$ cat final.txt   # compact mmCIF, C-alpha atoms
# COMPACT_ATOMS: atom_id res chain seq x y z
CA MET S 45 18.36 -21.39 6.40
CA THR S 46 14.76 -20.31 5.79
CA CYS S 47 12.47 -18.54 8.24
CA LYS S 48 8.93 -17.34 7.85
CA CYS S 49 9.34 -13.70 8.82
CA ILE S 50 11.93 -11.03 9.59
CA PHE S 51 11.29 -7.59 11.08
CA VAL S 52 13.51 -4.66 10.07
CA GLY S 53 13.61 -1.33 11.93
CA LYS S 54 15.78 1.72 11.40
CA ALA S 55 18.51 2.23 14.06
CA TRP S 56 19.38 1.94 17.72
CA GLY S 57 18.14 4.38 20.32
CA GLU S 58 19.82 5.11 23.64
CA SER S 59 18.89 1.81 25.34
CA GLU S 60 19.72 -0.21 22.25
CA ALA S 61 23.14 1.44 21.97
CA ASP S 62 23.88 0.69 25.63
CA PHE S 63 23.07 -3.03 25.33
CA LYS S 64 23.62 -3.48 21.57
CA VAL S 65 20.22 -5.16 21.25
CA PRO S 66 17.45 -3.78 19.00
CA PHE S 67 13.99 -2.69 20.16
CA ILE S 68 14.40 -2.71 23.92
CA GLY S 69 13.38 0.90 24.51
CA ALA S 70 9.88 2.40 24.53
CA ASP S 71 9.26 1.80 20.82
CA GLY S 72 10.44 -1.80 21.11
CA GLN S 73 8.05 -2.37 23.99
CA GLU S 74 5.16 -1.02 21.92
CA LEU S 75 6.19 -3.28 19.04
CA PHE S 76 6.23 -6.26 21.41
CA ARG S 77 2.71 -5.45 22.62
CA MET S 78 1.40 -5.07 19.06
CA LEU S 79 2.98 -8.35 17.99
CA GLY S 80 1.27 -10.01 20.94
CA LEU S 81 -2.10 -8.58 19.93
CA THR S 82 -1.68 -9.90 16.38
CA GLY S 83 -0.72 -13.44 17.34
CA PHE S 84 3.06 -13.47 16.92
CA HIS S 85 3.60 -14.48 20.55
CA SER S 86 1.70 -14.95 23.78
CA ALA S 87 4.24 -13.55 26.27
CA PRO S 88 2.63 -10.90 28.50
CA LEU S 89 4.10 -7.43 28.90
CA PRO S 90 2.86 -4.96 31.53
CA PRO S 91 1.10 -1.84 30.19
CA TYR S 92 3.83 0.41 31.55
CA TYR S 93 7.53 1.02 30.85
CA VAL S 94 9.77 -1.90 31.74
CA SER S 95 13.55 -2.16 31.96
CA ALA S 96 15.86 -2.89 29.06
CA LEU S 97 16.91 -6.15 30.72
CA THR S 98 13.28 -7.26 30.89
CA MET S 99 12.91 -6.57 27.19
CA ILE S 100 16.10 -8.49 26.38
CA ASN S 101 14.59 -11.50 28.14
CA GLN S 102 11.28 -11.03 26.34
CA TRP S 103 12.84 -10.85 22.88
CA SER S 104 15.07 -13.86 23.63
CA THR S 105 12.01 -16.11 23.36
CA PHE S 106 10.64 -14.44 20.21
CA SER S 107 10.60 -16.78 17.21
CA TYR S 108 11.45 -14.30 14.46
CA PRO S 109 14.59 -12.22 13.84
CA ILE S 110 14.41 -8.52 14.74
CA LEU S 111 16.94 -6.46 12.76
CA ASN S 112 17.81 -2.85 12.08
CA VAL S 113 19.14 -1.09 9.01
CA PHE S 114 21.79 0.65 11.12
CA ASN S 115 23.20 -1.16 14.15
CA GLU S 116 24.29 1.96 15.98
CA ARG S 117 22.80 5.17 17.28
CA PRO S 118 22.89 8.10 14.83
CA GLY S 119 24.49 10.42 17.38
CA LYS S 120 25.58 10.41 20.99
CA GLU S 121 22.50 12.37 22.02
CA SER S 122 20.36 12.07 18.93
CA ASN S 123 18.14 9.43 17.32
CA ASN S 124 17.87 11.37 14.07
CA VAL S 125 18.53 8.81 11.33
CA LYS S 126 19.33 11.64 8.90
CA LEU S 127 22.80 11.73 10.48
CA PHE S 128 23.63 8.49 8.64
CA TYR S 129 23.26 10.34 5.33
CA ALA S 130 24.82 13.38 3.69
CA HIS S 131 23.66 15.75 0.98
CA ARG S 132 24.62 14.70 -2.52
CA LYS S 133 26.81 17.80 -2.87
CA SER S 134 28.51 17.23 0.46
CA GLU S 135 32.24 16.69 0.74
CA VAL S 136 31.57 13.67 2.98
CA PRO S 137 32.34 10.39 1.09
CA LEU S 138 29.04 8.84 -0.03
CA ASP S 139 27.90 5.41 -1.15
CA ARG S 140 25.51 5.90 -4.07
CA SER S 141 24.92 2.20 -4.71
CA PHE S 142 21.82 2.17 -2.50
CA GLY S 143 20.15 5.08 -4.22
CA SER S 144 19.20 8.48 -2.92
CA ARG S 145 16.75 9.37 -0.19
CA LYS S 146 14.88 12.61 0.20
CA PHE S 147 14.92 14.60 3.41
CA GLY S 148 12.66 17.54 2.80
CA SER S 149 13.16 18.48 -0.84
CA ALA S 150 16.88 17.58 -1.00
CA ASN S 151 18.46 14.31 -2.11
CA TYR S 152 20.79 12.54 0.30
CA PHE S 153 22.95 9.41 0.04
CA VAL S 154 24.15 7.15 2.82
CA ARG S 155 27.59 8.02 4.11
CA ALA S 156 30.28 5.64 2.89
CA ASP S 157 31.37 4.85 6.45
CA LYS S 158 27.80 3.71 7.29
CA ALA S 159 27.12 1.62 4.19
CA HIS S 160 28.44 -1.56 5.82
CA HIS S 161 25.32 -1.68 8.00
CA ILE S 162 23.07 -2.00 4.95
CA GLN S 163 25.39 -4.54 3.37
CA LYS S 164 25.19 -6.63 6.52
CA LEU S 165 21.38 -6.38 6.55
CA HIS S 166 21.14 -7.58 2.96
CA LYS S 167 23.56 -10.45 3.64
CA THR S 168 21.55 -11.56 6.68
CA ILE S 169 18.29 -11.49 4.75
CA ARG S 170 19.78 -13.56 1.92
CA GLN S 171 21.07 -16.10 4.42
CA LYS S 172 17.76 -16.47 6.25
CA LYS S 173 15.57 -16.40 3.11
CA PRO S 174 12.38 -15.27 4.86
CA ASN S 175 8.96 -15.72 3.33
CA LEU S 176 8.21 -12.15 4.40
CA ILE S 177 10.10 -9.06 5.54
CA VAL S 178 8.12 -6.60 7.64
CA ALA S 179 9.67 -3.18 7.01
CA LEU S 180 9.08 -0.98 10.04
CA GLY S 181 9.12 2.57 8.76
CA ALA S 182 10.62 4.62 5.96
CA THR S 183 14.29 3.80 6.58
CA ALA S 184 13.67 0.05 6.31
CA CYS S 185 11.65 0.58 3.13
CA TRP S 186 14.45 2.65 1.62
CA ALA S 187 17.10 0.05 2.51
CA LEU S 188 15.01 -2.64 0.79
CA GLY S 189 14.73 -0.67 -2.43
CA LEU S 190 11.18 0.62 -2.07
CA GLY S 191 11.85 4.29 -1.44
CA ALA S 192 10.96 6.05 1.79
CA ALA S 193 7.32 7.06 1.23
CA ILE S 194 5.94 4.86 4.00
CA GLY S 195 2.46 6.40 3.77
CA LYS S 196 2.18 5.25 0.14
CA LEU S 197 3.73 1.81 0.73
CA ARG S 198 2.26 0.49 3.98
CA GLY S 199 -0.30 -2.25 4.09
CA PHE S 200 0.51 -3.80 0.71
CA VAL S 201 3.03 -6.50 -0.16
CA HIS S 202 5.86 -5.65 -2.56
CA GLU S 203 8.34 -7.73 -4.52
CA THR S 204 11.97 -6.74 -3.98
CA PRO S 205 15.38 -8.29 -4.75
CA TYR S 206 15.44 -9.36 -1.08
CA GLY S 207 12.05 -11.04 -1.06
CA LYS S 208 8.47 -10.11 -0.27
CA VAL S 209 8.15 -6.97 1.85
CA LEU S 210 5.17 -5.67 3.83
CA PRO S 211 5.79 -2.11 5.08
CA THR S 212 4.09 -0.67 8.13
CA TYR S 213 4.71 2.23 10.47
CA HIS S 214 7.65 2.17 12.86
CA PRO S 215 6.54 1.96 16.51
CA PHE S 216 8.39 5.22 17.20
CA ALA S 217 6.01 6.93 14.76
CA ILE S 218 3.06 5.25 16.48
CA LEU S 219 4.13 6.56 19.88
CA SER S 220 4.28 10.03 18.32
CA ASN S 221 0.94 9.64 16.50
CA TRP S 222 -1.35 7.09 18.18
CA SER S 223 -3.87 7.22 15.33
CA LEU S 224 -1.42 5.15 13.23
CA ARG S 225 -1.69 2.20 15.60
CA ALA S 226 -4.97 0.75 14.32
CA SER S 227 -3.68 0.56 10.73
CA SER S 228 -0.40 -0.94 11.89
CA LEU S 229 -2.21 -3.68 13.82
CA LEU S 230 -4.05 -4.60 10.64
CA ASP S 231 -0.74 -4.65 8.75
CA LEU S 232 0.78 -7.01 11.32
CA SER S 233 -2.30 -9.23 11.11
CA LYS S 234 -1.80 -9.37 7.36
CA ALA S 235 1.85 -10.25 7.96
CA ARG S 236 0.68 -13.36 9.81
CA ARG S 237 -1.03 -14.50 6.62
CA GLU S 238 1.65 -13.41 4.18
CA MET S 239 4.52 -15.09 6.06
CA GLN S 240 3.03 -18.51 5.40
CA TYR S 241 4.31 -18.52 1.81
CA PRO S 242 7.00 -16.75 -0.25
CA GLY S 243 6.27 -14.49 -3.18
CA VAL S 244 3.39 -12.15 -3.98
CA ARG S 245 0.19 -13.75 -5.21
CA THR S 246 -1.87 -11.73 -7.64
CA ILE S 247 -5.28 -12.76 -8.91
CA GLU S 248 -5.51 -13.11 -12.67
CA ARG S 249 -8.12 -10.68 -13.90
CA GLU S 250 -9.95 -10.14 -17.17
CA ILE S 251 -10.59 -6.46 -17.89
CA TRP S 252 -12.46 -5.55 -21.06
CA THR S 253 -11.31 -2.25 -22.60
CA GLU S 254 -10.97 -0.56 -26.01
CA LEU S 255 -14.35 -1.99 -26.91
CA THR S 256 -16.96 -1.87 -29.63
CA ILE S 257 -20.66 -1.52 -28.88
CA PRO S 258 -21.26 -5.27 -29.40
CA ASP S 259 -18.44 -5.95 -26.91
CA LEU S 260 -20.34 -4.06 -24.22
CA TRP S 261 -23.37 -6.25 -24.61
CA ASP S 262 -21.26 -9.43 -24.81
CA TRP S 263 -19.70 -8.54 -21.45
CA TRP S 264 -23.13 -7.89 -20.00
CA GLU S 265 -24.49 -11.21 -21.22
CA ASN S 266 -21.46 -13.22 -20.06
CA TYR S 267 -20.70 -11.50 -16.73
CA GLY S 268 -22.67 -8.42 -15.75
CA SER S 269 -26.19 -9.84 -16.03
CA LYS S 270 -25.16 -12.93 -14.04
CA SER S 271 -23.50 -11.07 -11.20
CA PRO S 272 -25.02 -11.06 -7.69
CA LEU S 273 -23.43 -7.64 -7.06
CA LEU S 274 -22.11 -4.96 -9.42
CA ALA S 275 -19.39 -2.47 -8.50
CA ILE S 276 -19.48 0.92 -10.23
CA ASP S 277 -16.85 3.62 -10.64
CA ILE S 278 -16.48 6.75 -12.75
CA GLU S 279 -13.63 9.13 -13.46
CA THR S 280 -13.95 12.81 -14.32
CA ILE S 281 -11.62 15.27 -16.03
CA ARG S 282 -10.87 18.33 -13.94
CA ASN S 283 -14.21 17.90 -12.24
CA GLN S 284 -15.89 19.03 -15.47
CA GLN S 285 -17.14 15.93 -17.27
CA ILE S 286 -17.20 12.15 -17.00
CA SER S 287 -14.27 10.62 -18.86
CA GLU S 288 -14.85 6.91 -18.19
CA VAL S 289 -17.19 4.46 -16.51
CA GLY S 290 -16.24 1.10 -15.06
CA PHE S 291 -18.25 -1.92 -13.93
CA ALA S 292 -17.03 -5.05 -12.13
CA SER S 293 -19.12 -8.21 -11.86
CA ASP S 294 -16.74 -9.93 -9.41
CA ASN S 295 -13.09 -9.77 -8.32
CA LYS S 296 -11.87 -11.17 -11.64
CA HIS S 297 -14.00 -9.54 -14.35
CA ALA S 298 -14.44 -5.86 -15.13
CA LEU S 299 -15.50 -3.58 -17.96
CA HIS S 300 -13.93 -0.22 -18.79
CA ILE S 301 -15.86 2.22 -21.01
CA PRO S 302 -13.85 5.29 -22.09
CA PHE S 303 -15.52 8.47 -23.30
CA VAL S 304 -12.77 11.09 -23.18
CA TRP S 305 -9.02 10.51 -23.19
CA GLU S 306 -6.03 12.73 -22.55
CA ASP S 307 -3.73 13.13 -25.53
CA ARG S 308 -0.29 13.85 -24.09
CA SER S 309 1.47 13.85 -27.44
CA THR S 310 0.57 17.51 -27.95
CA THR S 311 1.66 20.64 -26.13
CA PRO S 312 -0.44 21.70 -24.39
CA LYS S 313 -2.34 18.46 -23.70
CA VAL S 314 -5.75 18.11 -25.33
CA TYR S 315 -8.74 15.92 -24.52
CA ARG S 316 -10.29 13.86 -27.29
CA GLN S 317 -13.49 11.88 -27.67
CA TRP S 318 -12.98 8.11 -27.56
CA TRP S 319 -15.91 7.12 -29.78
CA ARG S 320 -15.33 8.24 -33.36
CA LYS S 321 -19.02 8.31 -34.24
CA PRO S 322 -21.42 10.35 -32.10
CA GLN S 323 -24.08 7.68 -32.51
CA ASP S 324 -21.71 5.09 -31.00
CA GLU S 325 -21.14 7.30 -27.96
CA VAL S 326 -24.89 7.62 -27.56
CA LYS S 327 -25.20 3.82 -27.69
CA ALA S 328 -22.44 3.47 -25.09
CA TRP S 329 -24.30 5.81 -22.73
CA GLU S 330 -27.49 3.86 -23.38
CA PHE S 331 -25.61 0.76 -22.24
CA VAL S 332 -24.55 2.56 -19.05
CA ARG S 333 -28.17 3.55 -18.45
CA HIS S 334 -29.27 -0.07 -18.91
CA VAL S 335 -26.74 -1.38 -16.37
CA LEU S 336 -27.55 1.30 -13.80
CA ASN S 337 -31.28 0.61 -14.17
CA SER S 338 -30.90 -3.16 -13.87
CA PRO S 339 -32.25 -4.79 -10.68
CA ILE S 340 -28.82 -6.23 -9.75
CA PRO S 341 -27.57 -4.82 -6.40
CA LYS S 342 -24.84 -2.20 -6.76
CA ILE S 343 -22.00 -0.77 -4.66
CA GLY S 344 -19.27 1.84 -5.11
CA GLN S 345 -16.51 3.71 -3.30
CA ASN S 346 -17.37 7.33 -2.44
CA PHE S 347 -20.37 6.79 -4.67
CA LYS S 348 -22.16 9.96 -3.70
CA TYR S 349 -19.67 11.70 -6.01
CA ASP S 350 -20.29 9.25 -8.85
CA ALA S 351 -24.05 9.33 -8.37
CA TYR S 352 -24.06 13.13 -8.45
CA TRP S 353 -22.39 13.16 -11.86
CA LEU S 354 -24.53 10.36 -13.33
CA ILE S 355 -27.72 12.03 -12.18
CA LYS S 356 -26.61 15.60 -12.92
CA GLU S 357 -25.21 14.96 -16.40
CA PHE S 358 -27.65 12.37 -17.71
CA GLY S 359 -30.52 11.95 -15.26
CA PHE S 360 -29.72 8.24 -14.89
CA ASN S 361 -31.69 6.19 -12.42
CA ILE S 362 -29.41 4.07 -10.19
CA ARG S 363 -31.60 1.16 -9.20
CA ASN S 364 -31.12 -1.10 -6.19
CA TRP S 365 -28.21 0.80 -4.72
CA GLN S 366 -26.91 -1.10 -1.66
CA HIS S 367 -24.18 0.94 -0.01
CA ASP S 368 -21.13 3.14 -0.37
CA THR S 369 -18.03 1.19 0.72
CA MET S 370 -16.35 4.36 1.98
CA VAL S 371 -19.28 5.30 4.20
CA ALA S 372 -19.75 1.68 5.33
CA THR S 373 -16.08 1.44 6.33
CA HIS S 374 -16.24 4.65 8.30
CA ALA S 375 -19.37 3.46 10.11
CA TRP S 376 -17.74 0.09 10.81
CA GLN S 377 -14.36 1.33 12.07
CA PRO S 378 -14.25 5.15 12.30
CA GLU S 379 -10.66 5.13 13.56
CA LEU S 380 -9.38 3.59 10.31
CA GLY S 381 -8.82 5.26 6.97
CA LYS S 382 -11.74 4.95 4.57
CA GLY S 383 -10.04 5.76 1.27
CA LEU S 384 -9.64 3.19 -1.48
CA TYR S 385 -5.97 2.70 -0.59
CA ASP S 386 -6.89 1.93 3.01
CA LEU S 387 -9.55 -0.58 1.97
CA GLY S 388 -7.15 -2.28 -0.40
CA ALA S 389 -4.51 -2.55 2.32
CA MET S 390 -7.06 -4.08 4.68
CA PHE S 391 -8.76 -6.57 2.39
CA LEU S 392 -6.37 -7.45 -0.46
CA ASP S 393 -3.57 -9.99 -0.09
CA GLU S 394 -1.67 -8.74 -3.13
CA LYS S 395 0.19 -5.76 -4.50
CA SER S 396 -1.38 -2.34 -4.73
CA TRP S 397 -3.09 -1.89 -8.10
CA LYS S 398 -0.73 1.02 -8.81
CA PHE S 399 2.27 -1.31 -8.52
CA ILE S 400 0.50 -3.95 -10.61
CA ARG S 401 0.08 -1.37 -13.38
CA LYS S 402 3.72 -0.32 -13.07
CA ASP S 403 5.08 -3.88 -13.12
CA THR S 404 2.95 -4.90 -16.10
CA GLY S 405 3.72 -1.79 -18.14
CA LYS S 406 0.14 -0.55 -17.94
CA GLN S 407 0.87 2.64 -16.02
CA ASP S 408 0.12 6.07 -17.43
CA ASP S 409 2.83 7.48 -19.67
$ encode --input "final.txt" --output "structure tokens"
Amino acid sequence: MTCKCIFVGKAWGESEADFKVPFIGADGQELFRMLGLTGFHSAPLPPYYVSALTMINQWSTFSYPILNVFNERPGKESNNVKLFYAHRKSEVPLDRSFGSRKFGSANYFVRADKAHHIQKLHKTIRQKKPNLIVALGATACWALGLGAAIGKLRGFVHETPYGKVLPTYHPFAILSNWSLRASSLLDLSKARREMQYPGVRTIEREIWTELTIPDLWDWWENYGSKSPLLAIDIETIRNQQISEVGFASDNKHALHIPFVWEDRSTTPKVYRQWWRKPQDEVKAWEFVRHVLNSPIPKIGQNFKYDAYWLIKEFGFNIRNWQHDTMVATHAWQPELGKGLYDLGAMFLDEKSWKFIRKDTGKQDD
């Protein structure tokens, strides 16, 4: 049996424990409203608290399964999911097959008498074979093998042994911090797109790196000079000097020019020049000057920082600068995050670049 989408929360609250139905309390009602706003259903729900029985009727017409990691309440008078776990040095029997989870700075494992809930969740997911699993909060992410750092996972799709997962904030967290709601609505809108097909789709890209001086000009002739819009980015070492400069001519072609690299084979670490001949480094900087001074329109993320360094260090003229994507995003939607992660979560239908690097073996050592 295959379905397009499954939603996974964390555990029952008081109302859910009474009726043994997930998401019928206040957080479930907020989830229902958000799903309505993002096109998952058209059933109306009043903008005030409704009864558990009303919510049971509402969810009965919903087209997609709503599950929880734990199908019980953590405690008789507590919704603290930490009660399903125990410290790794505890005398309570533990199930370590699902991996550890941090609460504070300590590692915990799920209690052995609660592990059957996770086993049941995994079995249900394998039976239904969804195109997409929407993980609502840290507990769902942990149970699906992604860890529990929801702030670093949300908004991007991830490949897991259970299928494609899109994490977003749990509605309980949204009710506690309303500023999370706007980002979560965007995540649910993305879920509408991602549930149409299984698997994570990643664009094949061509990134030029470890180059010679002729390579720089070949890239410019083939891609950079023909681009209608150039993206620019720099990196600095300890806010002391520029270590690398990058240009992108479109979403598939980019150029990486290193100048200083971090040698981690020594103790302590040392920084070394990339170009072996000083005259080659001068030529590489002359290439950067040429690109920056070209009439092609240019953009960047938080570019006031980059521009400061390019002007301060070398006096480069940045010609035909169009806009800073961070500033433009903040002007467009000030309630949303404006960092590069936030923009990627909003506009990219693929894995985070950090996970792409990890999965392809290109991450930093």
$ residues_around --input "final.txt" --residues "region 332-341 of chain S" --least-positions-apart "6" --cutoff "9 Å" --atoms "only C-alpha atoms" --output "list in words"
Trp264, Gly268, Ser269, Lys270, Ser271, Pro272, Leu273, Leu274, Ala275, Ile276, Val289, Phe291, Ile301, Phe358, Phe360, Asn361, Ile362, Arg363, Asn364, Trp365 and Gln366 of chain S
$ atom_distance --input "final.txt" --atom1 "CA of Asn151 (chain S)" --atom2 "CA of Val201 (chain S)"
26.0 Å
$ closest_residue --input "final.txt" --among "S:Glu58, S:Asp157, S:Glu74, S:Glu288" --to "Ser228 (chain S)" --atoms "all atoms listed in the file"
S:Glu74
$ residues_near_point --input "final.txt" --point "(25.5, 14.6, -6.9)" --cutoff "10 Å" --atoms "all atoms listed in the file" --output "PyMOL selection string"
chain S and resi 131-134+138+140+144+151-153
$ closest_residue --input "final.txt" --among "S:Lys120, S:Pro215, S:Phe200, S:Gly189" --to "His166 (chain S)" --atoms "all atoms listed in the file"
S:Gly189
$ closest_residue --input "final.txt" --among "S:Glu357, S:Glu265, S:Glu248, S:Glu325" --to "Ile286 (chain S)" --atoms "all atoms listed in the file"
S:Glu357
$ residues_around --input "final.txt" --residues "Lys321 (chain S)" --least-positions-apart "6" --cutoff "12 Å" --atoms "only C-alpha atoms" --output "compact mmCIF listing (two decimals) with C-alpha atoms, keeping the file's coordinate frame"
# COMPACT_ATOMS: atom_id res chain seq x y z
CA THR S 256 -16.96 -1.87 -29.63
CA ILE S 257 -20.66 -1.52 -28.88
CA PHE S 303 -15.52 8.47 -23.30
CA LYS S 327 -25.20 3.82 -27.69
CA ALA S 328 -22.44 3.47 -25.09
$ residues_around --input "final.txt" --residues "region 369-382 of chain S" --least-positions-apart "2" --cutoff "9 Å" --atoms "only C-alpha atoms" --output "VMD selection string"
chain S and resid 223 to 224 226 to 227 343 to 347 367 384 to 387
$ residues_around --input "final.txt" --residues "Asn283 (chain S)" --least-positions-apart "6" --cutoff "12 Å" --atoms "only C-alpha atoms" --output "ChimeraX atom specification"
/S:349-350,352-353
$ closest_residue --input "final.txt" --among "S:Leu97, S:Gly243, S:Ser233, S:Lys167" --to "Glu203 (chain S)" --atoms "all atoms listed in the file"
S:Gly243
$ atom_distance --input "final.txt" --atom1 "CA of Trp222 (chain S)" --atom2 "CA of Ala182 (chain S)"
17.3 Å
$ closest_residue --input "final.txt" --among "S:Gln73, S:Gly195, S:Cys49, S:Gln102" --to "Glu238 (chain S)" --atoms "only C-alpha atoms"
S:Cys49
$ closest_residue --input "final.txt" --among "S:Leu299, S:Ala193, S:Leu188, S:Leu392" --to "Arg245 (chain S)" --atoms "all atoms listed in the file"
S:Leu392
$ residues_near_point --input "final.txt" --point "(-12.5, -7.2, -14.2)" --cutoff "10 Å" --atoms "only C-alpha atoms" --output "count of residues only"
18
$ axis_aligned_box --input "final.txt" --around "region 228-238 of chain S" --padding-each-side "4 Å" --output "JSON"
{"center_x": -1.1, "center_y": -7.7, "center_z": 9.0, "size_x": 13.9, "size_y": 21.6, "size_z": 17.6}
$ decode --input "final.txt" --residues "region 125-182 of chain S" --atoms "C-alpha atoms" --output "mmCIF file, in the first residue's frame"
data_model
loop_
_atom_site.group_PDB
_atom_site.id
_atom_site.type_symbol
_atom_site.label_atom_id
_atom_site.label_comp_id
_atom_site.auth_asym_id
_atom_site.auth_seq_id
_atom_site.Cartn_x
_atom_site.Cartn_y
_atom_site.Cartn_z
ATOM 1 C CA VAL S 125 8.815 13.064 26.231
ATOM 2 C CA LYS S 126 12.110 12.687 28.113
ATOM 3 C CA LEU S 127 10.291 10.217 30.375
ATOM 4 C CA PHE S 128 10.397 7.656 27.543
ATOM 5 C CA TYR S 129 14.197 7.641 27.789
ATOM 6 C CA ALA S 130 16.776 6.940 30.464
ATOM 7 C CA HIS S 131 20.382 7.992 30.943
ATOM 8 C CA ARG S 132 22.911 5.641 29.405
ATOM 9 C CA LYS S 133 24.283 4.826 32.860
ATOM 10 C CA SER S 134 20.852 4.196 34.312
ATOM 11 C CA GLU S 135 19.873 0.849 35.757
ATOM 12 C CA VAL S 136 16.649 0.973 33.724
ATOM 13 C CA PRO S 137 16.784 -1.552 30.810
ATOM 14 C CA LEU S 138 17.543 0.348 27.598
ATOM 15 C CA ASP S 139 17.189 -0.339 23.884
ATOM 16 C CA ARG S 140 20.309 0.989 22.172
ATOM 17 C CA SER S 141 19.344 -0.134 18.670
ATOM 18 C CA PHE S 142 17.770 3.245 17.878
ATOM 19 C CA GLY S 143 20.795 5.262 18.875
ATOM 20 C CA SER S 144 21.257 7.813 21.610
ATOM 21 C CA ARG S 145 19.544 11.143 22.043
ATOM 22 C CA LYS S 146 20.869 14.142 23.902
ATOM 23 C CA PHE S 147 18.876 15.895 26.594
ATOM 24 C CA GLY S 148 21.009 18.788 27.693
ATOM 25 C CA SER S 149 24.588 17.557 27.501
ATOM 26 C CA ALA S 150 23.842 13.937 28.507
ATOM 27 C CA ASN S 151 23.189 10.950 26.248
ATOM 28 C CA TYR S 152 19.963 9.022 26.732
ATOM 29 C CA PHE S 153 18.539 5.864 25.144
ATOM 30 C CA VAL S 154 14.914 4.841 24.802
ATOM 31 C CA ARG S 155 13.695 2.614 27.587
ATOM 32 C CA ALA S 156 13.381 -1.024 26.553
ATOM 33 C CA ASP S 157 9.721 -1.141 27.598
ATOM 34 C CA LYS S 158 8.950 1.782 25.233
ATOM 35 C CA ALA S 159 10.878 0.577 22.185
ATOM 36 C CA HIS S 160 7.863 -1.273 20.772
ATOM 37 C CA HIS S 161 6.291 2.081 19.886
ATOM 38 C CA ILE S 162 9.155 2.928 17.545
ATOM 39 C CA GLN S 163 9.144 -0.558 16.076
ATOM 40 C CA LYS S 164 5.448 -0.191 15.321
ATOM 41 C CA LEU S 165 6.042 3.209 13.693
ATOM 42 C CA HIS S 166 8.741 1.811 11.424
ATOM 43 C CA LYS S 167 6.558 -1.163 10.487
ATOM 44 C CA THR S 168 3.637 1.114 9.613
ATOM 45 C CA ILE S 169 5.811 3.354 7.464
ATOM 46 C CA ARG S 170 7.226 0.363 5.569
ATOM 47 C CA GLN S 171 3.724 -0.939 4.951
ATOM 48 C CA LYS S 172 2.369 2.366 3.654
ATOM 49 C CA LYS S 173 5.484 3.291 1.629
ATOM 50 C CA PRO S 174 4.840 7.045 1.579
ATOM 51 C CA ASN S 175 6.464 9.348 -0.934
ATOM 52 C CA LEU S 176 7.169 11.711 1.952
ATOM 53 C CA ILE S 177 7.258 11.629 5.745
ATOM 54 C CA VAL S 178 6.733 14.962 7.481
ATOM 55 C CA ALA S 179 8.586 14.741 10.799
ATOM 56 C CA LEU S 180 6.929 17.066 13.297
ATOM 57 C CA GLY S 181 9.619 17.988 15.783
ATOM 58 C CA ALA S 182 12.809 16.588 17.252
#
